[in-house]
Amino acid sequence: MAGRKAAAPDPARSLALLWGSHTKPGRSGLTVRAIVDAAIALADSSGLEALSMRTVAERLKVGTMSLYTHVPGKGELTDLMFDQAYGDLYASSEPADQPGGWRGALEFIARRNWDVLTAHPWIHEVPTMRTALGPNITRKYEIELRPLDGLGLTDVEMDSALSLVLTHVQGTARAGAEQLRTQRESGLSDEEWWRQISPTLTTVMTGSYFPLAGRVGTAVGEQFQSALDPAHALNFGLARILDGIALLVDERR
């Protein structure tokens with residue numbers, strides 16, 4: 001029987017936690033920050049499915065009820081984790097400080113977001129359309145918009161250009177996470193898996209029914225030893241996206 005879905009977080013409670021203090025300890029000595037850090041470490045190693053108030057309490061070596069005095073439930077905890085994961089995204093330098101103008105800034109933004117998503121693949125499991133906006137996510141949005149300000153784009157175009165870059169990063173990072181998960185669960189690298197199925201594939205695909213698919217697929221496999229190279233996909237797509245944004249910026253100027 002499928003497990004029940006976790007209760008949706010209460011937006012009001014999530015916002016109060018997100019914008020409140022995370023360092024004040026309770027009677028047990030716990031802080032919200034310590035709970036969130038433990039939850040992130042657990043999700044990093046085992047995925048969001050393994051996360052529960054009980055498993056976080058076990059990691060902290062405290063009773064489960066001790067957590068509820070700080071965080072109401074898994075939904076609110078996930079909101080806190082999502083915000084905290086982006087807390088150090090631009091701790092040392094901002095995109096607008098990078099060489100290469102707005103294009104260099106967007107490349108920097110893409111790679112920093114890629115680093116976060118590959119370090120915390122559980123983020124892909126978090127519904128983001130109605131995630132409570134915490135201070136780190138709000139700061140992230142503010143900082144990432146700055147390189148696009150003053151280029152002649154409308155506010156909506158600025159948001160759309162940034163979203164286009166981030167959506168591409170998220171998609172390629174998600175594909176990379178799925179690739180790694182499949183390799184881990186199967187115990188086979190992509191190259192080993194293809195070598196295993198190649199004899200059967202060659203038999204069933206005899207003839208010239210798909211000459212183009214066969215030629216291109218073979219070229220990709222020989223190049224990457226896989227059907228997908230996430231880093232190549234990131235770089236290729238990002239360059240094409242930035243080329244398109246450059247055309248829009250030129251039009252507005």
# chains A, B, ... in the order shown; residues from 1 in each chain; ligands from 1
call {"tool": "residues_around", "arguments": {"residues": "Glu94 in chain A", "least_positions_apart": "2", "cutoff": "12 Å", "atoms": "only C-alpha atoms", "output": "VMD selection string"}}
result
chain A and resid 88 to 92 96 to 99 102 104 to 109 112 139 to 147
call {"tool": "write_last_selection", "arguments": {"atoms": "C-alpha atoms", "output": "PDB file, in the first residue's frame"}}
result
ATOM      1  CA  ASP A  88      25.318  30.500   1.114  1.00  0.00           C
ATOM      2  CA  LEU A  89      24.662  30.777  -2.616  1.00  0.00           C
ATOM      3  CA  TYR A  90      26.188  34.243  -2.898  1.00  0.00           C
ATOM      4  CA  ALA A  91      27.890  34.529   0.487  1.00  0.00           C
ATOM      5  CA  SER A  92      31.266  35.636  -0.897  1.00  0.00           C
ATOM      6  CA  ALA A  96      26.905  41.532 -10.723  1.00  0.00           C
ATOM      7  CA  ASP A  97      30.570  41.579  -9.632  1.00  0.00           C
ATOM      8  CA  GLN A  98      31.612  38.969 -12.208  1.00  0.00           C
ATOM      9  CA  PRO A  99      33.495  39.880 -15.411  1.00  0.00           C
ATOM     10  CA  TRP A 102      25.226  40.623 -17.708  1.00  0.00           C
ATOM     11  CA  GLY A 104      29.045  36.641 -17.311  1.00  0.00           C
ATOM     12  CA  ALA A 105      26.688  37.268 -14.397  1.00  0.00           C
ATOM     13  CA  LEU A 106      24.044  34.874 -15.739  1.00  0.00           C
ATOM     14  CA  GLU A 107      26.689  32.213 -16.354  1.00  0.00           C
ATOM     15  CA  PHE A 108      27.807  32.636 -12.741  1.00  0.00           C
ATOM     16  CA  ILE A 109      24.191  32.380 -11.548  1.00  0.00           C
ATOM     17  CA  ARG A 112      26.086  28.444  -8.600  1.00  0.00           C
ATOM     18  CA  ARG A 139      17.645  37.569  -1.303  1.00  0.00           C
ATOM     19  CA  LYS A 140      18.566  35.126  -4.081  1.00  0.00           C
ATOM     20  CA  TYR A 141      15.903  36.578  -6.374  1.00  0.00           C
ATOM     21  CA  GLU A 142      16.966  40.143  -5.600  1.00  0.00           C
ATOM     22  CA  ILE A 143      20.643  39.441  -6.289  1.00  0.00           C
ATOM     23  CA  GLU A 144      19.990  37.453  -9.469  1.00  0.00           C
ATOM     24  CA  LEU A 145      17.862  40.235 -10.964  1.00  0.00           C
ATOM     25  CA  ARG A 146      20.495  42.954 -10.493  1.00  0.00           C
ATOM     26  CA  PRO A 147      22.631  42.128 -13.557  1.00  0.00           C
TER      27      PRO A 147
END
call {"tool": "residues_around", "arguments": {"residues": "range 156-159 of chain A", "least_positions_apart": "3", "cutoff": "10 Å", "atoms": "only C-alpha atoms", "output": "list in words"}}
result
Tyr141, Glu144, Leu145, Arg146, Pro147, Leu148, Asp149, Gly150, Leu151, Gly152, Leu153, Leu162, Ser163, Leu164, Ile245, Leu248 and Val249 of chain A
call {"tool": "residues_around", "arguments": {"residues": "Met65 in chain A", "least_positions_apart": "3", "cutoff": "9 Å", "atoms": "only C-alpha atoms", "output": "VMD selection string"}}
result
chain A and resid 53 to 54 57 62 68 to 69
call {"tool": "write_last_selection", "arguments": {"atoms": "C-alpha atoms", "output": "CSV table (one decimal), in the first residue's frame"}}
result
chain,number,residue,atom,x,y,z
A,53,MET,CA,10.4,14.1,12.3
A,54,ARG,CA,11.3,10.8,13.8
A,57,ALA,CA,15.1,13.2,15.9
A,62,VAL,CA,16.6,13.5,21.0
A,68,TYR,CA,7.7,19.7,17.6
A,69,THR,CA,8.4,22.4,20.1
call {"tool": "select_by_dssp", "arguments": {"residues": "range 138-220 of chain A", "states": "helix (DSSP H, G or I)", "output": "VMD selection string"}}
result
chain A and resid 138 to 148 155 to 186 190 to 204 211 to 220
call {"tool": "residues_around", "arguments": {"residues": "Ile35 in chain A", "least_positions_apart": "5", "cutoff": "9 Å", "atoms": "only C-alpha atoms", "output": "JSON, numbers by chain"}}
result
{"A": [30, 40, 56, 57, 60, 67, 70, 71, 77]}
call {"tool": "write_last_selection", "arguments": {"atoms": "C-alpha atoms", "output": "PDB file, in the first residue's frame"}}
result
ATOM      1  CA  LEU A  30      17.889  22.355  20.312  1.00  0.00           C
ATOM      2  CA  ILE A  40      19.364  18.576   5.170  1.00  0.00           C
ATOM      3  CA  VAL A  56      15.596  13.721  12.199  1.00  0.00           C
ATOM      4  CA  ALA A  57      15.139  13.250  15.943  1.00  0.00           C
ATOM      5  CA  LEU A  60      19.985  14.444  16.694  1.00  0.00           C
ATOM      6  CA  LEU A  67      11.356  18.716  17.550  1.00  0.00           C
ATOM      7  CA  HIS A  70      10.411  24.125  17.362  1.00  0.00           C
ATOM      8  CA  VAL A  71       8.905  22.951  14.034  1.00  0.00           C
ATOM      9  CA  LEU A  77      10.593  21.674   7.990  1.00  0.00           C
TER      10      LEU A  77
END
